[in-house]
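Chemist: Quick one: this structure, given as structure tokens, is what I'll be asking you about.
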Amino acid sequence: MEEVPQGCPGTGSAQAGRGASCQGCPNQRLCASGAGAAPDPAIEEIKEKMKTVKHKILVLSGKGGVGKSTFSAHLAHGLAEDENTQVALLDIDICGPSIPKIMGLEGEQVHQSGSGWSPVFVEDNLGVMSVGFLLSSPDDAVIWRGPKKNGMIKQFLRDVDWGEVDYLIVDTPPGTSDEHLSAVQYLSAARLDGAVIITTPQEVSLQDVRKEINFCHKVKVPIIGVVENMSVFVCPKCKKESQIFPPTTGGAEVMCQDLKIPLLGKVPLDPHIGIQEFCGHHQPKEEHLVGS
Amino acid sequence: MLRAQGRAVHQCDSGWVPVFVDQEQSISLMSVGFLLESPDEAVVWRGPKKNALIKQFVSDVAWGQLDYLVVDTPPGTSDEHMAAVEALRPYGPLGALVVTTPQAVSVGDVRRELTFCRKTGLQVVGVVENMSGFVCPHCTECTNVFSQGGGAELARLAGVPFLGSVPLDPELTRSLEEGRDFIRDFPQSPAFPALSSIAQKVLSEAPARLS
């Protein structure tokens, strides 16, 4: 995937191919001819590919560090508890691909087959894909601008041989930028079921969740609901509850009531989750959310 | 967090005027948050537009005489980070404070951040480990909610200074969200000495490390 010039006006813009920063770009002629503004053929290709995927769920958060990837991993495991359910987990956090570590799949590599890239299977019915599998060292940094990240996401959706899947869970980085726009855009013809938004109880996190909710409205992605993570902490010694992240404005419960969005559940802070992740073992906590 | 929500950004002859957040006018702030009509408004921009705004924040804001410019970034190693480094490099010295939480998943990502620093020639002032332990207010048992040891281990692996650990303190969160001055209200908090010590280390060591 070639690097695009820094001042790239965007392939869909009126200045495409004509701007000063377009000089010398390998795609200049293509953009100037107007072909860049045409719908990406990959969208139809992905629609075809996704015909074997029954449900597609985006996991979003406004803020980083709220436990989105941990939740995605636990949700995938929870859904895969039934061995007749085929589950796929796609990690599109290109710069911070945590899913391989959380799933105990660090060091695994992706293989090519005749029908495309093969996902890495952690169980017979749970396949995983992440840019993490394409990196040779845990120190490798993916220092890519938006267009290159978008290209990777397109490849993940179009070129991975997902097979027959009941649930495709797409884990995203925090925010409302390239990765999110690309995921929604490339899945636009394939009917995205909706988004689950993860938050912690405090207002600083909720404020970003409201932005995430607005993003979903803007790009017409249905909102399945909100999960409040790190809800309460139970002291392992005295067993009393504390709120490490105080819900100064009522937490996700009040926000969901105000915005009339389902609160799917609250997950307490459990120090063992960190240790379990490190060891690659899991005890799904979100079975009650399955089927929501 | 700095009690500046809803403030407006004004223009002057030398550019945008940053928002002062304290009476003494010792801390000024610029954020895209000031340019939004409502706090719920989502900024749904791709890379090039974000890059352009970051360049403007550096060159078009009338910062005036500054001892320190602290740049808060989103997680990752992408457009915003590259744009910030490119925009600020001519104005050196430039260094990075890298923040992690103790657990392996966070360290796994932050290792890549350190590689970014190395590749872009960004000198690392040190590593800070945040959310490092929670002292139960009922029984004072300290639990490592997000595991332990990640920050020091990361600093050791990367050969950079470990500046310290900041424990979880719900009062810090509450104070920030309710618009109080944490430093003034909670000098007894376990987070306070940690934050002060780290700030002292940055003040005393950064100039030498970045020259």
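In the structure tokens, each chain is lettered A, B, ... as it comes, each chain's residues begin at 1, and ligands are numbered from 1 in order of appearance.
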From a DSSP pass on the backbone, collect the residues of stretch 78-242 of chain A flagged as helix (DSSP H, G or I) and hand them back as a PyMOL selection string.
Modeler: chain A and resi 78-79+99-102+131-134+146-159+178-186+203-218
Chemist: Please report, as a Markdown table, each residue of chain A lying at most 6 Å from chain B, together with the nearest pair of atoms and the separation in Å rounded to one decimal; use only C-alpha atoms, and order rows by chain and ascending residue number.
Modeler:
```
| residue | atom | partner | partner_atom | distance |
| --- | --- | --- | --- | --- |
| A:Cys95 | CA | B:Gly76 | CA | 5.2 |
| A:Gly96 | CA | B:Asp109 | CA | 5.3 |
| A:Asp139 | CA | B:Arg112 | CA | 5.0 |
| A:Asp140 | CA | B:Arg112 | CA | 5.7 |
| A:Ala141 | CA | B:Arg112 | CA | 4.5 |
| A:Ile143 | CA | B:Thr77 | CA | 5.3 |
| A:Trp144 | CA | B:Ser78 | CA | 5.4 |
| A:Arg145 | CA | B:Asp79 | CA | 5.0 |
| A:Gly146 | CA | B:Gly47 | CA | 5.2 |
| A:Thr176 | CA | B:Val44 | CA | 5.3 |
| A:Ser177 | CA | B:Arg46 | CA | 5.5 |
| A:Asp178 | CA | B:Arg46 | CA | 5.0 |
| A:Arg210 | CA | B:Asp40 | CA | 5.4 |
| A:Lys211 | CA | B:Ala42 | CA | 4.5 |
| A:Phe215 | CA | B:Ala42 | CA | 5.9 |
| A:Ile244 | CA | B:Pro170 | CA | 4.9 |
| A:Phe245 | CA | B:Pro170 | CA | 5.7 |
| A:Pro271 | CA | B:Val145 | CA | 4.5 |
| A:Gly274 | CA | B:Ser147 | CA | 6.0 |
```
Chemist: With all heavy atoms retained, write the just-selected residues as a short mmCIF file (atom, residue, chain, number, x, y, z; two decimals), in the first residue's frame.
Modeler:
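Below is the file that was written, result.cif:
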```
data_model
loop_
_atom_site.label_atom_id
_atom_site.label_comp_id
_atom_site.auth_asym_id
_atom_site.auth_seq_id
_atom_site.Cartn_x
_atom_site.Cartn_y
_atom_site.Cartn_z
N CYS A 95 -2.83 0.26 15.34
CA CYS A 95 -1.63 0.73 16.06
C CYS A 95 -1.45 0.04 17.41
O CYS A 95 -0.33 -0.09 17.89
CB CYS A 95 -1.71 2.24 16.30
SG CYS A 95 -1.72 3.17 14.77
N GLY A 96 -2.54 -0.39 18.00
CA GLY A 96 -2.44 -1.03 19.33
C GLY A 96 -3.18 -2.35 19.33
O GLY A 96 -4.21 -2.51 19.99
N ASP A 139 7.85 -5.46 19.69
CA ASP A 139 8.23 -4.06 19.73
C ASP A 139 7.89 -3.33 18.43
O ASP A 139 8.00 -2.11 18.37
CB ASP A 139 9.75 -3.92 19.97
CG ASP A 139 10.13 -4.36 21.37
OD1 ASP A 139 9.39 -4.00 22.31
OD2 ASP A 139 11.12 -5.08 21.52
N ASP A 140 7.50 -4.08 17.40
CA ASP A 140 7.22 -3.45 16.10
C ASP A 140 6.11 -2.43 16.25
O ASP A 140 5.04 -2.75 16.76
CB ASP A 140 6.79 -4.50 15.06
CG ASP A 140 7.98 -5.24 14.48
OD1 ASP A 140 9.11 -4.80 14.72
OD2 ASP A 140 7.76 -6.25 13.79
N ALA A 141 6.34 -1.21 15.75
CA ALA A 141 5.30 -0.17 15.80
C ALA A 141 4.68 -0.04 14.42
O ALA A 141 5.39 -0.08 13.42
CB ALA A 141 5.90 1.15 16.24
N ILE A 143 3.42 2.49 12.31
CA ILE A 143 3.37 3.96 12.23
C ILE A 143 2.78 4.33 10.88
O ILE A 143 3.48 4.72 9.96
CB ILE A 143 4.79 4.56 12.44
CG1 ILE A 143 5.40 3.99 13.70
CG2 ILE A 143 4.70 6.08 12.54
CD1 ILE A 143 6.85 4.39 13.92
N TRP A 144 1.50 4.17 10.76
CA TRP A 144 0.80 4.38 9.50
C TRP A 144 -0.18 5.52 9.61
O TRP A 144 -0.85 5.70 10.63
CB TRP A 144 -0.01 3.14 9.12
CG TRP A 144 0.77 1.96 8.73
CD1 TRP A 144 2.12 1.86 8.57
CD2 TRP A 144 0.24 0.67 8.43
NE1 TRP A 144 2.45 0.59 8.19
CE2 TRP A 144 1.32 -0.17 8.10
CE3 TRP A 144 -1.05 0.14 8.40
CZ2 TRP A 144 1.15 -1.50 7.75
CZ3 TRP A 144 -1.21 -1.19 8.06
CH2 TRP A 144 -0.11 -2.00 7.73
N ARG A 145 -0.31 6.27 8.48
CA ARG A 145 -1.35 7.28 8.43
C ARG A 145 -2.67 6.60 8.05
O ARG A 145 -2.72 5.44 7.70
CB ARG A 145 -1.00 8.36 7.41
CG ARG A 145 0.20 9.19 7.84
CD ARG A 145 0.45 10.35 6.90
NE ARG A 145 1.70 11.02 7.20
CZ ARG A 145 1.85 11.97 8.11
NH1 ARG A 145 0.82 12.36 8.83
NH2 ARG A 145 3.02 12.53 8.32
N GLY A 146 -3.72 7.41 8.09
CA GLY A 146 -5.06 6.90 7.84
C GLY A 146 -5.23 6.02 6.62
O GLY A 146 -5.75 4.91 6.72
N THR A 176 -13.37 8.21 16.90
CA THR A 176 -14.34 8.28 15.79
C THR A 176 -13.59 8.74 14.55
O THR A 176 -13.86 9.80 14.00
CB THR A 176 -15.44 9.31 16.11
OG1 THR A 176 -14.84 10.58 16.49
CG2 THR A 176 -16.33 8.86 17.23
N SER A 177 -12.61 7.92 14.11
CA SER A 177 -11.77 8.40 13.00
C SER A 177 -11.67 7.37 11.88
O SER A 177 -12.61 6.64 11.61
CB SER A 177 -10.40 8.82 13.53
OG SER A 177 -9.64 9.40 12.50
N ASP A 178 -10.50 7.34 11.25
CA ASP A 178 -10.32 6.52 10.05
C ASP A 178 -10.82 5.09 10.19
O ASP A 178 -11.61 4.61 9.37
CB ASP A 178 -8.83 6.48 9.68
CG ASP A 178 -8.36 7.78 9.05
OD1 ASP A 178 -8.56 7.94 7.84
OD2 ASP A 178 -7.84 8.63 9.78
N ARG A 210 -20.92 9.74 24.53
CA ARG A 210 -21.99 10.51 23.86
C ARG A 210 -21.53 10.90 22.46
O ARG A 210 -22.32 10.89 21.51
CB ARG A 210 -22.36 11.76 24.67
CG ARG A 210 -23.08 11.43 25.96
CD ARG A 210 -23.67 12.64 26.65
NE ARG A 210 -23.92 12.33 28.05
CZ ARG A 210 -23.11 12.66 29.04
NH1 ARG A 210 -22.03 13.36 28.81
NH2 ARG A 210 -23.38 12.30 30.28
N LYS A 211 -20.25 11.22 22.32
CA LYS A 211 -19.72 11.52 20.98
C LYS A 211 -19.80 10.27 20.09
O LYS A 211 -20.13 10.33 18.92
CB LYS A 211 -18.26 11.97 21.05
CG LYS A 211 -18.04 13.32 21.74
CD LYS A 211 -16.56 13.70 21.65
CE LYS A 211 -16.12 14.62 22.77
NZ LYS A 211 -16.48 16.02 22.54
N PHE A 215 -21.69 9.70 16.63
CA PHE A 215 -21.04 9.12 15.46
C PHE A 215 -21.94 8.04 14.86
O PHE A 215 -22.17 8.00 13.66
CB PHE A 215 -19.69 8.53 15.85
CG PHE A 215 -19.08 7.61 14.82
CD1 PHE A 215 -18.42 8.13 13.72
CD2 PHE A 215 -19.18 6.23 14.94
CE1 PHE A 215 -17.87 7.29 12.75
CE2 PHE A 215 -18.62 5.39 13.99
CZ PHE A 215 -17.96 5.92 12.89
N ILE A 244 -14.03 2.71 42.20
CA ILE A 244 -12.74 3.28 41.84
C ILE A 244 -12.92 4.42 40.83
O ILE A 244 -12.19 5.41 40.84
CB ILE A 244 -11.81 2.19 41.27
CG1 ILE A 244 -11.49 1.19 42.37
CG2 ILE A 244 -10.55 2.79 40.69
CD1 ILE A 244 -10.40 0.21 42.04
N PHE A 245 -13.90 4.27 39.96
CA PHE A 245 -14.20 5.31 38.97
C PHE A 245 -15.60 5.85 39.26
O PHE A 245 -16.58 5.40 38.68
CB PHE A 245 -14.11 4.72 37.55
CG PHE A 245 -12.75 4.14 37.24
CD1 PHE A 245 -12.59 2.78 37.06
CD2 PHE A 245 -11.64 4.96 37.13
CE1 PHE A 245 -11.33 2.24 36.78
CE2 PHE A 245 -10.39 4.43 36.86
CZ PHE A 245 -10.23 3.06 36.68
N PRO A 271 -9.35 -8.00 39.47
CA PRO A 271 -7.91 -8.05 39.21
C PRO A 271 -7.48 -9.33 38.52
O PRO A 271 -6.48 -9.37 37.83
CB PRO A 271 -7.26 -7.98 40.60
CG PRO A 271 -8.32 -7.65 41.55
CD PRO A 271 -9.64 -7.86 40.90
N GLY A 274 -6.78 -9.38 34.60
CA GLY A 274 -5.46 -9.03 34.10
C GLY A 274 -4.54 -10.23 34.06
O GLY A 274 -3.82 -10.48 33.10
#
```
Chemist: Let's see if you can do this: from backbone DSSP, list all strand (DSSP E or B) residues in stretch 87-292 of chain A, as a ChimeraX atom specification.
Modeler: /A:87-91,111-113,116-118,120-123,126-130,160,165-171,194-199,223-228,233-234,241-242,263-266,269
Chemist: Could you give me, as a VMD selection string, the residues within 12 Å of A:Ala252, counting only C-alpha atoms and dropping anything in the same chain fewer than 5 positions from it?
Modeler: chain A and resid 197 to 210 225 to 231 245 to 247 257 to 267
Chemist: Mind dumping the selected residues with C-alpha atoms as a tab-separated table (two decimals), in the first residue's frame?
Modeler:
```tsv
chain	number	residue	atom	x	y	z
A	197	ILE	CA	-20.36	0.87	23.25
A	198	ILE	CA	-18.12	0.31	26.27
A	199	THR	CA	-17.62	2.88	29.00
A	200	THR	CA	-16.45	3.22	32.57
A	201	PRO	CA	-18.75	4.96	35.08
A	202	GLN	CA	-17.14	8.38	35.26
A	203	GLU	CA	-18.28	11.48	33.38
A	204	VAL	CA	-15.00	11.91	31.48
A	205	SER	CA	-15.65	8.55	29.85
A	206	LEU	CA	-19.40	9.11	29.36
A	207	GLN	CA	-18.70	12.41	27.61
A	208	ASP	CA	-16.75	10.56	24.96
A	209	VAL	CA	-19.44	7.86	24.75
A	210	ARG	CA	-21.99	10.51	23.86
A	225	GLY	CA	-26.49	-0.85	23.76
A	226	VAL	CA	-23.91	0.32	26.29
A	227	VAL	CA	-21.82	-1.77	28.68
A	228	GLU	CA	-20.49	-0.16	31.84
A	229	ASN	CA	-17.12	-1.71	32.62
A	230	MET	CA	-15.08	-1.38	35.84
A	231	SER	CA	-18.36	-0.72	37.65
A	245	PHE	CA	-14.20	5.31	38.97
A	246	PRO	CA	-17.00	7.23	40.70
A	247	PRO	CA	-20.14	7.79	38.62
A	257	GLN	CA	-32.05	6.54	30.50
A	258	ASP	CA	-31.56	10.09	29.19
A	259	LEU	CA	-30.68	8.93	25.69
A	260	LYS	CA	-33.12	6.00	25.66
A	261	ILE	CA	-30.43	3.48	24.83
A	262	PRO	CA	-30.30	0.00	26.38
A	263	LEU	CA	-27.80	-0.54	29.21
A	264	LEU	CA	-26.70	-4.08	28.44
A	265	GLY	CA	-24.97	-4.65	31.75
A	266	LYS	CA	-22.37	-3.64	34.30
A	267	VAL	CA	-19.11	-5.51	34.72
```
Chemist: So what do you get for atom CA of A:Lys51 versus atom CA of A:Asp166, distance-wise?
Modeler: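 The value is 10.8 Å.
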Chemist: Might you pull out every residue within 6 Å of stretch 78-94 of chain A, with only C-alpha atoms counted and same-chain residues fewer than 5 positions away left off, and present them as a list in words?
Modeler: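 Neighbouring residues, sequence-local ones excluded: Asn125, Leu126, Gly127, Val128, Met129, Ser130, Val165, Asp166, Tyr167, Leu168, Ile169, Val170, Asp171, Thr172, Pro173, Pro284 and Glu287 of chain A.
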Chemist: Near B:Gly15, within 9 Å and counting only C-alpha atoms, which residues show up once chain neighbours fewer than 3 positions away are dropped, as a ChimeraX atom specification?
Modeler: /B:10-12,59-63
Chemist: When distances are computed from only C-alpha atoms, which of A:Val196, A:Lys148, A:Arg29, A:Ser137 shows the smallest separation from A:Lys68?
Modeler: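 Looking only at the distances to A:Lys68, the closest residue turns out to be A:Val196.
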Chemist: Hey, which of B:Ala194, B:Ala199, B:Val125, B:Asp185 ends up closest to B:Ser211? Count only C-alpha atoms.
Modeler: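 For B:Ser211, the nearest of the candidates is B:Val125.
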Chemist: Please indicate the distance in Å from atom CA of A:Pro138 to atom CA of B:Gly149, rounded to one decimal place.
Modeler: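 For atom CA of A:Pro138 relative to atom CA of B:Gly149, the distance reads 17.9 Å.
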Chemist: In Å, how far is it from atom CA of B:Val160 to atom CA of B:Val124?
Modeler: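 Result for atom CA of B:Val160 versus atom CA of B:Val124: 6.8 Å, one decimal.
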Chemist: Of the candidates A:Val160, A:Ile223, A:Ile99, A:Ala20, which one gets nearest to A:Ser115 if we count only C-alpha atoms?
Modeler: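 Residue with the minimum atom-to-atom distance to A:Ser115: A:Val160.
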Chemist: If you count only C-alpha atoms, which residues fall within 7 Å of B:Pro167, apart from same-chain ones fewer than 4 positions away, as a list of chain:residue names?
Modeler: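 Final neighbour list, sorted by chain and number: B:Asn130, B:Met131, B:Ser132, B:Gly133, B:Phe134, B:Pro190, B:Ala191.
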Chemist: Keeping N, CA, C and O atoms for every residue in the selection just given, could you write it to a file as a PDB file, in the first residue's frame?
Modeler:
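Result saved to part25.pdb:
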```pdb
ATOM      1  N   ASN B 130       0.597   4.505  35.579  1.00  0.00           N
ATOM      2  CA  ASN B 130      -0.624   5.048  36.168  1.00  0.00           C
ATOM      3  C   ASN B 130      -1.531   3.908  36.638  1.00  0.00           C
ATOM      4  O   ASN B 130      -1.345   2.753  36.242  1.00  0.00           O
ATOM      5  N   MET B 131      -2.492   4.227  37.477  1.00  0.00           N
ATOM      6  CA  MET B 131      -3.485   3.259  37.980  1.00  0.00           C
ATOM      7  C   MET B 131      -2.765   2.088  38.640  1.00  0.00           C
ATOM      8  O   MET B 131      -3.126   0.918  38.454  1.00  0.00           O
ATOM      9  N   SER B 132      -1.758   2.432  39.435  1.00  0.00           N
ATOM     10  CA  SER B 132      -0.880   1.427  40.018  1.00  0.00           C
ATOM     11  C   SER B 132      -1.338   1.088  41.428  1.00  0.00           C
ATOM     12  O   SER B 132      -0.851   1.649  42.385  1.00  0.00           O
ATOM     13  N   GLY B 133      -2.293   0.220  41.553  1.00  0.00           N
ATOM     14  CA  GLY B 133      -2.718  -0.208  42.877  1.00  0.00           C
ATOM     15  C   GLY B 133      -3.852   0.630  43.431  1.00  0.00           C
ATOM     16  O   GLY B 133      -3.939   1.833  43.197  1.00  0.00           O
ATOM     17  N   PHE B 134      -4.723  -0.009  44.162  1.00  0.00           N
ATOM     18  CA  PHE B 134      -5.861   0.666  44.785  1.00  0.00           C
ATOM     19  C   PHE B 134      -5.893   0.304  46.260  1.00  0.00           C
ATOM     20  O   PHE B 134      -5.896  -0.871  46.630  1.00  0.00           O
ATOM     21  N   PRO B 190      -3.053   9.449  48.293  1.00  0.00           N
ATOM     22  CA  PRO B 190      -1.857   8.684  47.925  1.00  0.00           C
ATOM     23  C   PRO B 190      -1.330   9.059  46.544  1.00  0.00           C
ATOM     24  O   PRO B 190      -0.158   8.853  46.242  1.00  0.00           O
ATOM     25  N   ALA B 191      -2.210   9.641  45.704  1.00  0.00           N
ATOM     26  CA  ALA B 191      -1.757  10.006  44.350  1.00  0.00           C
ATOM     27  C   ALA B 191      -0.893  11.269  44.385  1.00  0.00           C
ATOM     28  O   ALA B 191      -0.046  11.474  43.525  1.00  0.00           O
TER      29      ALA B 191
END
```
